[in-house]
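Shown here: final.cif, mmCIF, C-alpha atoms and all ligand atoms.
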```cif
data_my_file
#
loop_
_atom_site.label_atom_id
_atom_site.label_comp_id
_atom_site.auth_asym_id
_atom_site.auth_seq_id
_atom_site.Cartn_x
_atom_site.Cartn_y
_atom_site.Cartn_z
CA MET U 178 89.03 145.64 134.19
CA ARG U 179 91.82 144.76 136.57
CA PRO U 180 94.86 147.02 137.07
CA LEU U 181 98.03 146.29 135.12
CA VAL U 182 100.33 143.91 136.97
CA MET U 183 103.99 144.91 136.98
CA GLY U 184 106.20 141.94 137.87
CA VAL U 185 109.41 142.71 139.75
CA LEU U 186 112.67 141.44 138.25
CA ASN U 187 115.51 142.55 140.50
CA VAL U 188 118.88 141.72 138.96
CA THR U 189 120.59 142.48 142.26
CA PRO U 190 122.33 140.55 145.02
CA ASP U 191 120.84 142.68 147.82
CA SER U 192 117.18 143.69 147.30
CA PHE U 193 115.24 143.28 150.52
CA SER U 194 112.47 141.28 148.92
CA ASP U 195 114.24 138.71 146.77
CA GLY U 196 117.91 139.70 147.03
CA GLY U 197 120.21 137.42 145.13
CA SER U 198 117.58 135.15 143.66
CA TRP U 199 117.98 136.48 140.11
CA ALA U 200 121.37 138.23 140.27
CA ASP U 201 122.86 136.00 137.59
CA PRO U 202 121.70 137.29 134.14
CA ASP U 203 120.64 133.82 132.93
CA ALA U 204 118.58 133.29 136.05
CA ALA U 205 117.09 136.76 135.60
CA VAL U 206 116.00 136.00 132.05
CA GLN U 207 114.41 132.71 133.14
CA ARG U 208 112.61 134.53 135.92
CA GLY U 209 111.40 137.19 133.43
CA ARG U 210 109.94 134.47 131.20
CA GLN U 211 108.24 132.93 134.21
CA LEU U 212 106.67 136.29 135.15
CA LEU U 213 105.33 136.61 131.60
CA ALA U 214 103.88 133.10 131.71
CA GLU U 215 102.20 133.98 135.01
CA GLY U 216 100.42 136.92 133.36
CA ALA U 217 102.55 140.00 134.05
CA ASP U 218 101.65 142.98 131.86
CA ILE U 219 104.96 144.71 132.56
CA ILE U 220 108.34 143.29 133.60
CA ASP U 221 110.15 145.81 135.81
CA VAL U 222 113.91 145.31 135.54
CA GLY U 223 116.05 146.82 138.31
CA GLY U 224 119.82 146.71 138.85
CA GLU U 225 120.21 148.74 142.04
CA SER U 226 118.58 147.91 145.34
CA THR U 227 116.66 150.77 146.91
CA ARG U 228 116.08 148.96 150.21
CA PRO U 229 116.55 151.17 153.29
CA GLY U 230 120.26 151.62 153.98
CA ALA U 231 121.34 150.38 150.55
CA GLU U 232 124.61 151.67 149.12
CA PRO U 233 124.62 152.94 145.51
CA VAL U 234 126.19 150.34 143.17
CA GLY U 235 127.77 152.48 140.45
CA ILE U 236 126.46 153.09 136.94
CA ASP U 237 128.60 150.48 135.19
CA THR U 238 127.46 147.71 137.49
CA GLU U 239 123.84 148.74 137.12
CA LEU U 240 124.15 148.88 133.31
CA ALA U 241 125.83 145.48 133.17
CA ARG U 242 122.92 143.99 135.13
CA VAL U 243 119.97 145.51 133.33
CA VAL U 244 120.87 146.04 129.66
CA PRO U 245 121.67 142.39 128.78
CA THR U 246 118.58 141.28 130.70
CA ILE U 247 116.35 143.66 128.74
CA GLU U 248 117.94 142.69 125.42
CA ALA U 249 117.41 139.01 126.17
CA LEU U 250 113.75 139.50 127.10
CA VAL U 251 112.58 141.97 124.43
CA ASP U 252 111.27 139.36 121.97
CA ASP U 253 109.52 137.25 124.61
CA VAL U 254 107.88 140.35 126.06
CA ALA U 255 106.66 141.50 122.65
CA ALA U 256 105.32 138.02 121.85
CA ALA U 257 103.36 138.07 125.11
CA GLY U 258 101.92 141.53 124.33
CA ALA U 259 103.63 142.85 127.47
CA ARG U 260 106.13 145.65 128.13
CA LEU U 261 109.45 146.18 129.86
CA SER U 262 110.17 148.91 132.37
CA ILE U 263 113.46 150.03 133.85
CA ASP U 264 113.57 150.73 137.59
CA THR U 265 116.39 153.22 138.09
CA ARG U 266 117.33 156.59 139.59
CA HIS U 267 120.04 157.24 137.02
CA ALA U 268 119.56 159.04 133.70
CA GLU U 269 122.29 157.14 131.90
CA VAL U 270 120.90 153.75 132.92
CA ALA U 271 117.41 154.89 131.97
CA ARG U 272 118.53 156.04 128.50
CA GLU U 273 120.39 152.81 127.72
CA ALA U 274 117.59 150.62 129.03
CA LEU U 275 115.02 152.49 126.93
CA ALA U 276 117.30 152.17 123.89
CA ALA U 277 117.58 148.43 124.56
CA GLY U 278 113.82 147.94 124.47
CA ALA U 279 112.20 149.10 127.71
CA THR U 280 109.23 151.41 127.08
CA ILE U 281 108.50 152.58 130.64
CA LEU U 282 110.81 154.43 133.01
CA ASN U 283 109.99 153.47 136.60
CA ASP U 284 111.59 156.43 138.34
CA VAL U 285 111.80 156.12 142.12
CA SER U 286 113.49 159.54 142.19
CA ALA U 287 110.68 161.24 140.21
CA SER U 288 113.35 163.38 138.57
CA LEU U 289 113.98 161.79 135.16
CA GLU U 290 110.97 163.20 133.31
CA HIS U 291 113.21 164.63 130.58
CA VAL U 292 114.64 161.19 129.83
CA ALA U 293 111.14 159.73 129.51
CA GLY U 294 109.96 162.68 127.41
CA GLU U 295 112.91 162.50 125.02
CA ALA U 296 112.55 158.73 124.56
CA GLY U 297 108.76 158.85 124.16
CA ALA U 298 108.55 156.41 127.07
CA GLY U 299 106.01 156.03 129.85
CA TRP U 300 107.04 157.57 133.18
CA VAL U 301 106.22 156.31 136.67
CA ALA U 302 106.92 159.15 139.12
CA MET U 303 107.33 157.75 142.63
CA HIS U 304 107.45 159.74 145.86
CA MET U 305 110.47 159.21 148.12
CA LEU U 306 111.49 161.34 151.10
CA GLY U 307 115.29 161.60 151.03
CA GLU U 308 117.66 158.93 149.72
CA PRO U 309 117.53 155.13 150.16
CA GLY U 310 120.57 155.28 152.49
CA THR U 311 118.84 157.50 155.04
CA MET U 312 115.15 157.64 154.13
CA GLN U 313 113.98 155.57 157.11
CA ASP U 314 115.78 157.78 159.66
CA ASP U 315 112.73 159.22 161.39
CA PRO U 316 110.75 160.51 158.37
CA HIS U 317 108.36 163.35 159.22
CA TYR U 318 105.29 164.87 157.54
CA ASP U 319 102.65 167.27 158.88
CA ASP U 320 100.06 165.61 156.64
CA VAL U 321 101.50 162.67 154.74
CA VAL U 322 98.58 162.23 152.34
CA ALA U 323 98.33 165.90 151.38
CA GLU U 324 102.10 166.31 151.01
CA VAL U 325 102.60 163.18 148.90
CA ARG U 326 99.58 164.08 146.77
CA ALA U 327 100.85 167.63 146.14
CA PHE U 328 104.31 166.30 145.27
CA LEU U 329 102.88 163.84 142.75
CA VAL U 330 100.53 166.34 141.12
CA ALA U 331 103.50 168.68 140.62
CA ALA U 332 105.58 165.80 139.24
CA GLU U 333 102.91 165.00 136.69
CA GLU U 334 102.92 168.63 135.51
CA ARG U 335 106.71 168.52 135.15
CA GLY U 336 106.38 165.29 133.20
CA ARG U 337 103.88 166.83 130.77
CA ASP U 338 106.13 169.88 130.33
CA ALA U 339 109.01 167.53 129.53
CA GLY U 340 106.98 165.83 126.81
CA ALA U 341 106.00 162.63 128.61
CA ASP U 342 102.44 161.77 127.74
CA GLU U 343 102.00 158.46 129.56
CA ILE U 344 102.44 159.16 133.27
CA TRP U 345 101.68 157.25 136.47
CA ILE U 346 102.04 158.54 140.01
CA ASP U 347 103.10 156.27 142.88
CA PRO U 348 103.03 157.12 146.63
CA GLY U 349 106.25 155.15 147.21
CA ILE U 350 105.17 152.84 150.01
CA GLY U 351 108.16 152.30 152.32
CA PHE U 352 110.27 155.09 150.84
CA GLY U 353 110.81 157.56 153.68
CA LYS U 354 107.60 156.46 155.47
CA THR U 355 106.82 155.03 158.87
CA PHE U 356 104.41 152.16 159.43
CA GLU U 357 101.63 154.71 160.06
CA HIS U 358 102.52 156.76 156.97
CA ASN U 359 102.31 153.67 154.75
CA TRP U 360 98.87 152.66 156.04
CA ALA U 361 97.59 156.24 155.87
CA LEU U 362 98.64 156.51 152.22
CA LEU U 363 97.11 153.17 151.31
CA GLY U 364 93.92 154.00 153.16
CA ALA U 365 93.64 157.30 151.27
CA LEU U 366 94.64 155.96 147.87
CA ASP U 367 91.35 157.23 146.47
CA GLN U 368 92.65 160.77 147.08
CA LEU U 369 95.45 160.06 144.61
CA VAL U 370 93.05 158.40 142.17
CA ASP U 371 90.86 161.52 142.39
CA THR U 372 93.62 163.52 140.70
CA GLY U 373 92.64 161.76 137.47
CA ILE U 374 96.28 160.67 137.00
CA PRO U 375 96.75 156.88 136.77
CA VAL U 376 98.04 155.56 140.11
CA ALA U 377 100.69 152.86 140.50
CA VAL U 378 101.37 151.25 143.85
CA GLY U 379 103.87 148.78 145.27
CA THR U 380 103.24 147.09 148.62
CA SER U 381 104.54 143.65 147.72
CA ARG U 382 106.51 141.92 150.51
CA LYS U 383 107.24 145.22 152.27
CA GLY U 384 108.10 145.48 155.96
CA PHE U 385 104.92 147.21 157.10
CA LEU U 386 103.02 144.06 156.09
CA GLY U 387 105.28 141.88 158.22
CA ALA U 388 104.26 143.71 161.39
CA VAL U 389 100.54 143.29 160.68
CA LEU U 390 100.87 139.63 159.73
CA ALA U 391 102.78 138.94 162.97
CA GLU U 392 99.97 140.49 164.96
CA ALA U 393 97.33 138.62 162.96
CA ASP U 394 98.76 135.19 163.66
CA GLY U 395 99.40 135.99 167.30
CA THR U 396 103.02 134.82 167.26
CA ASP U 397 104.62 138.26 167.23
CA GLN U 398 107.20 136.72 164.88
CA ARG U 399 107.53 138.94 161.84
CA PRO U 400 107.52 136.86 158.67
CA GLY U 401 110.37 137.47 156.22
CA PRO U 402 109.72 139.12 152.84
CA GLU U 403 108.94 135.85 151.07
CA ASP U 404 106.30 134.97 153.67
CA ARG U 405 104.22 138.12 153.31
CA LEU U 406 102.00 136.90 150.50
CA GLU U 407 98.70 137.35 152.37
CA GLY U 408 99.46 140.99 153.10
CA SER U 409 100.73 141.60 149.58
CA ILE U 410 97.58 140.17 148.01
CA THR U 411 95.21 141.90 150.41
CA THR U 412 96.76 145.30 149.80
CA ALA U 413 96.86 144.71 146.02
CA CYS U 414 93.11 143.97 146.09
CA TRP U 415 92.51 147.03 148.25
CA ALA U 416 94.48 149.22 145.83
CA ALA U 417 92.50 147.82 142.90
CA THR U 418 89.23 148.57 144.69
CA MET U 419 90.42 152.13 145.37
CA GLY U 420 91.01 152.54 141.63
CA ALA U 421 94.76 151.99 141.19
CA ALA U 422 95.81 151.45 137.56
CA MET U 423 98.99 149.47 138.16
CA ILE U 424 100.21 147.17 140.94
CA ARG U 425 103.91 146.26 141.29
CA VAL U 426 104.36 142.74 142.69
CA HIS U 427 106.73 139.82 143.09
CA ASP U 428 104.06 137.10 143.20
CA VAL U 429 102.49 137.58 139.79
CA ARG U 430 100.39 134.44 139.46
CA ALA U 431 98.62 134.85 142.78
CA THR U 432 98.09 138.58 142.27
CA VAL U 433 96.66 138.21 138.76
CA ALA U 434 94.20 135.62 140.06
CA ALA U 435 93.17 137.74 143.03
CA LEU U 436 92.78 140.89 140.94
CA GLY U 437 90.71 138.94 138.45
CA ALA U 438 88.33 138.05 141.26
CA VAL U 439 88.16 141.69 142.36
CA ALA U 440 87.40 142.79 138.78
CA THR U 441 84.62 140.20 138.57
CA LEU U 442 83.13 141.53 141.79
CA HIS U 443 83.21 145.09 140.52
CA GLY U 444 81.63 143.96 137.24
CA SER U 445 78.85 142.11 139.10
CA GLY U 446 77.26 145.33 140.31
CA GLY U 447 78.54 144.88 143.83
CA THR U 448 80.13 148.31 144.03
N1 LIG H 501 109.30 149.63 145.43
C1 LIG H 501 110.53 149.11 145.30
C2 LIG H 501 111.29 149.32 144.14
N2 LIG H 501 110.77 150.03 143.10
N3 LIG H 501 108.97 151.23 142.16
C3 LIG H 501 107.75 151.74 142.27
N4 LIG H 501 107.21 152.45 141.23
N5 LIG H 501 106.99 151.59 143.39
C4 LIG H 501 107.46 150.91 144.47
O1 LIG H 501 106.75 150.82 145.49
C5 LIG H 501 108.77 150.34 144.40
C6 LIG H 501 109.52 150.54 143.21
C7 LIG H 501 111.06 148.31 146.47
O2 LIG H 501 111.97 147.36 146.23
P1 LIG H 501 111.73 145.82 145.69
O3 LIG H 501 112.03 145.88 144.24
O4 LIG H 501 112.75 145.02 146.42
O5 LIG H 501 110.34 145.42 145.96
#
```
Exercise: express the given structure as structure tokens:
Amino acid sequence: MRPLVMGVLNVTPDSFSDGGSWADPDAAVQRGRQLLAEGADIIDVGGESTRPGAEPVGIDTELARVVPTIEALVDDVAAAGARLSIDTRHAEVAREALAAGATILNDVSASLEHVAGEAGAGWVAMHMLGEPGTMQDDPHYDDVVAEVRAFLVAAEERGRDAGADEIWIDPGIGFGKTFEHNWALLGALDQLVDTGIPVAVGTSRKGFLGAVLAEADGTDQRPGPEDRLEGSITTACWAATMGAAMIRVHDVRATVAALGAVATLHGSGGT
């Protein structure tokens, strides 16, 4: 079986990866339908960019972006047998989005377990060092894999105590991590899988892929976010092979196809 594919729907003017493309609610709904048609299992709606250096947008703005989008997509998502998640750091936004029809709280702050527990929603607890505004200012770990793992194991326990019974843990690639930290975490993803807690991972279009792709093609020109497909797909397939349960991506069609091939390989007795 392939991992679940979570398709990114950023209703924001300033996300690093697709900023502005779906900021208008009508465009966002069309994009959501497209992600469903391409095979997304989950549509992840976000109304606040968490790119490095991003400024907080304010709760009202975030609510005005995500709630109408979720309401407009609920029926299509149900018809497709898929689910909606809300990508937020704010309890009020999470509550309203879950009331509007989202059933998963994608929590990049790993601090909203009570909201997920009270709503009976799934909870994705992601690791981040610091805040989006400053997280890339020289992040430091003594042992990035051990520290992120310990943080996520503790988060899962908090989630259970808060009544959440569907929990994923996510190493938070790019969130308070250097290039080396990101690759170390991806390389050791099996150590997160070994916890027995379902692992979610998001590498799609992120900056650490740009550097590797530039080296690979010998130009030393870093491709922009929308030209990092090869790295996004390769790392999604790697994560699937390591045992990840959910992959968060922008390019749903290509990822679903690639993960299908990986699942076929695993089923063929090759591993
Ligand atoms: N990355 C982004 C946003 N939300 N949520 C989870 N669980 N994991 C991630 O890696 C993650 C996330 C980065 O921003 P983008 O929406 O512009 O890709």
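Counting only C-alpha atoms and all ligand atoms and comparing U:Ala214, U:Ala388, U:Ile344, U:Leu240, the residue that lies closest to ligand LIG 501 (chain H) is U:Ile344.
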Requested in this report: List all protein, DNA and RNA residues that have any atom at most 9 Å from ligand LIG 501 (chain H), counting all atoms listed in the file, and write the list as a PyMOL selection string.
Outcome: chain U and resi 185-187+191-196+221-223+225-228+264-265+283-285+301-304+345-352+377-383+424-427
With C-alpha atoms retained, write the just-selected residues as a short mmCIF file (atom, residue, chain, number, x, y, z; two decimals), in the coordinates of the input.
```
data_model
loop_
_atom_site.label_atom_id
_atom_site.label_comp_id
_atom_site.auth_asym_id
_atom_site.auth_seq_id
_atom_site.Cartn_x
_atom_site.Cartn_y
_atom_site.Cartn_z
CA VAL U 185 109.41 142.71 139.75
CA LEU U 186 112.67 141.44 138.25
CA ASN U 187 115.51 142.55 140.50
CA ASP U 191 120.84 142.68 147.82
CA SER U 192 117.18 143.69 147.30
CA PHE U 193 115.24 143.28 150.52
CA SER U 194 112.47 141.28 148.92
CA ASP U 195 114.24 138.71 146.77
CA GLY U 196 117.91 139.70 147.03
CA ASP U 221 110.15 145.81 135.81
CA VAL U 222 113.91 145.31 135.54
CA GLY U 223 116.05 146.82 138.31
CA GLU U 225 120.21 148.74 142.04
CA SER U 226 118.58 147.91 145.34
CA THR U 227 116.66 150.77 146.91
CA ARG U 228 116.08 148.96 150.21
CA ASP U 264 113.57 150.73 137.59
CA THR U 265 116.39 153.22 138.09
CA ASN U 283 109.99 153.47 136.60
CA ASP U 284 111.59 156.43 138.34
CA VAL U 285 111.80 156.12 142.12
CA VAL U 301 106.22 156.31 136.67
CA ALA U 302 106.92 159.15 139.12
CA MET U 303 107.33 157.75 142.63
CA HIS U 304 107.45 159.74 145.86
CA TRP U 345 101.68 157.25 136.47
CA ILE U 346 102.04 158.54 140.01
CA ASP U 347 103.10 156.27 142.88
CA PRO U 348 103.03 157.12 146.63
CA GLY U 349 106.25 155.15 147.21
CA ILE U 350 105.17 152.84 150.01
CA GLY U 351 108.16 152.30 152.32
CA PHE U 352 110.27 155.09 150.84
CA ALA U 377 100.69 152.86 140.50
CA VAL U 378 101.37 151.25 143.85
CA GLY U 379 103.87 148.78 145.27
CA THR U 380 103.24 147.09 148.62
CA SER U 381 104.54 143.65 147.72
CA ARG U 382 106.51 141.92 150.51
CA LYS U 383 107.24 145.22 152.27
CA ILE U 424 100.21 147.17 140.94
CA ARG U 425 103.91 146.26 141.29
CA VAL U 426 104.36 142.74 142.69
CA HIS U 427 106.73 139.82 143.09
#
```
Query raised in the report: Leaving out U:Ala413 and any residue of its chain fewer than 6 positions from it, which residues lie within 12 Å of it when counting all atoms listed in the file, given as a ChimeraX atom specification?
Result: /U:179-183,363,366,377-382,386,406-407,419-429,431-439
Query raised in the report: Closest to U:Leu369 among U:Arg242, U:Arg272, U:Arg266, U:Arg326, using all atoms listed in the file?
Result: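 Of U:Arg242, U:Arg272, U:Arg266, U:Arg326, the one nearest U:Leu369 is U:Arg326, counting all atoms listed in the file.
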**Report entry** Spatial neighbours of U:Arg210, 8 Å, only C-alpha atoms, chain gap at least 4 places, as JSON, numbers by chain
**Finding:** {"U": [206, 214, 250, 253]}
**Report entry** Counting all atoms listed in the file, the option among U:Ser286, U:Asn359, U:Thr396, U:Thr441 closest to U:Ala417
**Finding:** U:Thr441
Query raised in the report: So, counting all atoms listed in the file, which residue among U:Ala255, U:Ile410, U:Ala231, U:Val389 is closest to U:Glu308?
Result: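 Going through U:Ala255, U:Ile410, U:Ala231, U:Val389 one by one, the smallest distance to U:Glu308 is for U:Ala231.
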Query raised in the report: Contacts of stretch 201-204 of chain U at 8 Å or less, counting all atoms listed in the file, minus same-chain residues fewer than 4 places along, as an NGL selection string?
Result: :U and (188 or 208 or 242 or 245-246)
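Counting all atoms listed in the file, the residue from U:Ala271, U:Leu362, U:Leu289, U:Leu390 that sits nearest to U:Val322 is U:Leu362.
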Query raised in the report: What lies within 10 Å of U:Glu248 using all atoms listed in the file, ignoring chain neighbours under 5 positions off, as JSON, numbers by chain?
Result: {"U": [206, 243, 274, 276, 277, 278, 279]}
Report task. Between U:Thr372, U:Ala365, U:Gly294, U:Gln398, single out the one closest to U:Asp320, counting all atoms listed in the file. Result -> U:Ala365
Query raised in the report: When you draw a straight line from atom CA of U:Glu290 to atom CA of U:Arg335, how long is it in Å?
Result: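 Taking atom CA of U:Glu290 and atom CA of U:Arg335, their separation equals 7.1 Å.
Pairwise distance (atom CA of U:Thr418, atom CA of U:Leu442) equals 9.8 Å.
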Any chance you could model all heavy atoms for stretch 327-338 of chain U and send them as a PDB file, in the frame of the given file?
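Below is the file that was written, selection.pdb:
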```
ATOM      1  N   ALA U 327     100.402 166.374 146.771  1.00  0.00           N
ATOM      2  CA  ALA U 327     100.850 167.630 146.140  1.00  0.00           C
ATOM      3  C   ALA U 327     102.155 167.392 145.364  1.00  0.00           C
ATOM      4  O   ALA U 327     102.327 167.899 144.243  1.00  0.00           O
ATOM      5  CB  ALA U 327     101.041 168.706 147.199  1.00  0.00           C
ATOM      6  N   PHE U 328     103.047 166.613 145.955  1.00  0.00           N
ATOM      7  CA  PHE U 328     104.310 166.300 145.270  1.00  0.00           C
ATOM      8  C   PHE U 328     104.036 165.602 143.936  1.00  0.00           C
ATOM      9  O   PHE U 328     104.641 165.918 142.904  1.00  0.00           O
ATOM     10  CB  PHE U 328     105.167 165.411 146.175  1.00  0.00           C
ATOM     11  CG  PHE U 328     106.414 164.891 145.516  1.00  0.00           C
ATOM     12  CD1 PHE U 328     107.603 165.601 145.607  1.00  0.00           C
ATOM     13  CD2 PHE U 328     106.395 163.690 144.803  1.00  0.00           C
ATOM     14  CE1 PHE U 328     108.763 165.121 144.978  1.00  0.00           C
ATOM     15  CE2 PHE U 328     107.540 163.216 144.171  1.00  0.00           C
ATOM     16  CZ  PHE U 328     108.718 163.932 144.264  1.00  0.00           C
ATOM     17  N   LEU U 329     103.127 164.637 143.954  1.00  0.00           N
ATOM     18  CA  LEU U 329     102.880 163.840 142.750  1.00  0.00           C
ATOM     19  C   LEU U 329     102.130 164.622 141.678  1.00  0.00           C
ATOM     20  O   LEU U 329     102.392 164.457 140.483  1.00  0.00           O
ATOM     21  CB  LEU U 329     102.130 162.553 143.129  1.00  0.00           C
ATOM     22  CG  LEU U 329     102.955 161.574 143.987  1.00  0.00           C
ATOM     23  CD1 LEU U 329     102.098 160.412 144.462  1.00  0.00           C
ATOM     24  CD2 LEU U 329     104.181 161.060 143.221  1.00  0.00           C
ATOM     25  N   VAL U 330     101.231 165.494 142.101  1.00  0.00           N
ATOM     26  CA  VAL U 330     100.530 166.340 141.120  1.00  0.00           C
ATOM     27  C   VAL U 330     101.546 167.256 140.427  1.00  0.00           C
ATOM     28  O   VAL U 330     101.527 167.434 139.203  1.00  0.00           O
ATOM     29  CB  VAL U 330      99.404 167.147 141.811  1.00  0.00           C
ATOM     30  CG1 VAL U 330      98.863 168.241 140.904  1.00  0.00           C
ATOM     31  CG2 VAL U 330      98.269 166.205 142.240  1.00  0.00           C
ATOM     32  N   ALA U 331     102.477 167.810 141.204  1.00  0.00           N
ATOM     33  CA  ALA U 331     103.500 168.680 140.620  1.00  0.00           C
ATOM     34  C   ALA U 331     104.419 167.879 139.694  1.00  0.00           C
ATOM     35  O   ALA U 331     104.832 168.363 138.628  1.00  0.00           O
ATOM     36  CB  ALA U 331     104.314 169.350 141.728  1.00  0.00           C
ATOM     37  N   ALA U 332     104.724 166.644 140.084  1.00  0.00           N
ATOM     38  CA  ALA U 332     105.580 165.800 139.240  1.00  0.00           C
ATOM     39  C   ALA U 332     104.908 165.549 137.899  1.00  0.00           C
ATOM     40  O   ALA U 332     105.546 165.606 136.844  1.00  0.00           O
ATOM     41  CB  ALA U 332     105.879 164.479 139.948  1.00  0.00           C
ATOM     42  N   GLU U 333     103.620 165.266 137.944  1.00  0.00           N
ATOM     43  CA  GLU U 333     102.910 165.000 136.690  1.00  0.00           C
ATOM     44  C   GLU U 333     102.969 166.210 135.768  1.00  0.00           C
ATOM     45  O   GLU U 333     103.170 166.084 134.553  1.00  0.00           O
ATOM     46  CB  GLU U 333     101.464 164.602 136.983  1.00  0.00           C
ATOM     47  CG  GLU U 333     100.754 163.984 135.793  1.00  0.00           C
ATOM     48  CD  GLU U 333      99.796 164.915 135.082  1.00  0.00           C
ATOM     49  OE1 GLU U 333      99.602 166.052 135.532  1.00  0.00           O
ATOM     50  OE2 GLU U 333      99.228 164.505 134.057  1.00  0.00           O
ATOM     51  N   GLU U 334     102.838 167.406 136.335  1.00  0.00           N
ATOM     52  CA  GLU U 334     102.920 168.630 135.510  1.00  0.00           C
ATOM     53  C   GLU U 334     104.315 168.755 134.888  1.00  0.00           C
ATOM     54  O   GLU U 334     104.454 169.090 133.708  1.00  0.00           O
ATOM     55  CB  GLU U 334     102.606 169.865 136.350  1.00  0.00           C
ATOM     56  CG  GLU U 334     101.109 170.015 136.566  1.00  0.00           C
ATOM     57  CD  GLU U 334     100.773 171.087 137.596  1.00  0.00           C
ATOM     58  OE1 GLU U 334     101.645 171.940 137.896  1.00  0.00           O
ATOM     59  OE2 GLU U 334      99.643 171.053 138.116  1.00  0.00           O
ATOM     60  N   ARG U 335     105.341 168.471 135.691  1.00  0.00           N
ATOM     61  CA  ARG U 335     106.710 168.520 135.150  1.00  0.00           C
ATOM     62  C   ARG U 335     106.867 167.501 134.024  1.00  0.00           C
ATOM     63  O   ARG U 335     107.503 167.772 133.013  1.00  0.00           O
ATOM     64  CB  ARG U 335     107.743 168.183 136.240  1.00  0.00           C
ATOM     65  CG  ARG U 335     108.018 169.272 137.229  1.00  0.00           C
ATOM     66  CD  ARG U 335     109.366 169.036 137.931  1.00  0.00           C
ATOM     67  NE  ARG U 335     109.646 167.637 138.244  1.00  0.00           N
ATOM     68  CZ  ARG U 335     109.235 166.997 139.338  1.00  0.00           C
ATOM     69  NH1 ARG U 335     108.518 167.643 140.241  1.00  0.00           N
ATOM     70  NH2 ARG U 335     109.542 165.736 139.533  1.00  0.00           N
ATOM     71  N   GLY U 336     106.294 166.335 134.217  1.00  0.00           N
ATOM     72  CA  GLY U 336     106.380 165.290 133.200  1.00  0.00           C
ATOM     73  C   GLY U 336     105.745 165.741 131.888  1.00  0.00           C
ATOM     74  O   GLY U 336     106.317 165.568 130.812  1.00  0.00           O
ATOM     75  N   ARG U 337     104.561 166.325 131.986  1.00  0.00           N
ATOM     76  CA  ARG U 337     103.880 166.830 130.770  1.00  0.00           C
ATOM     77  C   ARG U 337     104.747 167.890 130.095  1.00  0.00           C
ATOM     78  O   ARG U 337     104.911 167.891 128.874  1.00  0.00           O
ATOM     79  CB  ARG U 337     102.545 167.474 131.103  1.00  0.00           C
ATOM     80  CG  ARG U 337     101.570 166.560 131.724  1.00  0.00           C
ATOM     81  CD  ARG U 337     100.397 166.209 130.787  1.00  0.00           C
ATOM     82  NE  ARG U 337      99.783 165.007 131.305  1.00  0.00           N
ATOM     83  CZ  ARG U 337      99.739 163.834 130.682  1.00  0.00           C
ATOM     84  NH1 ARG U 337     100.213 163.685 129.481  1.00  0.00           N
ATOM     85  NH2 ARG U 337      99.196 162.791 131.253  1.00  0.00           N
ATOM     86  N   ASP U 338     105.296 168.820 130.901  1.00  0.00           N
ATOM     87  CA  ASP U 338     106.130 169.880 130.330  1.00  0.00           C
ATOM     88  C   ASP U 338     107.351 169.296 129.628  1.00  0.00           C
ATOM     89  O   ASP U 338     107.868 169.876 128.674  1.00  0.00           O
ATOM     90  CB  ASP U 338     106.607 170.855 131.428  1.00  0.00           C
ATOM     91  CG  ASP U 338     105.460 171.684 131.968  1.00  0.00           C
ATOM     92  OD1 ASP U 338     104.381 171.693 131.327  1.00  0.00           O
ATOM     93  OD2 ASP U 338     105.628 172.307 133.037  1.00  0.00           O
TER      94      ASP U 338
END
```
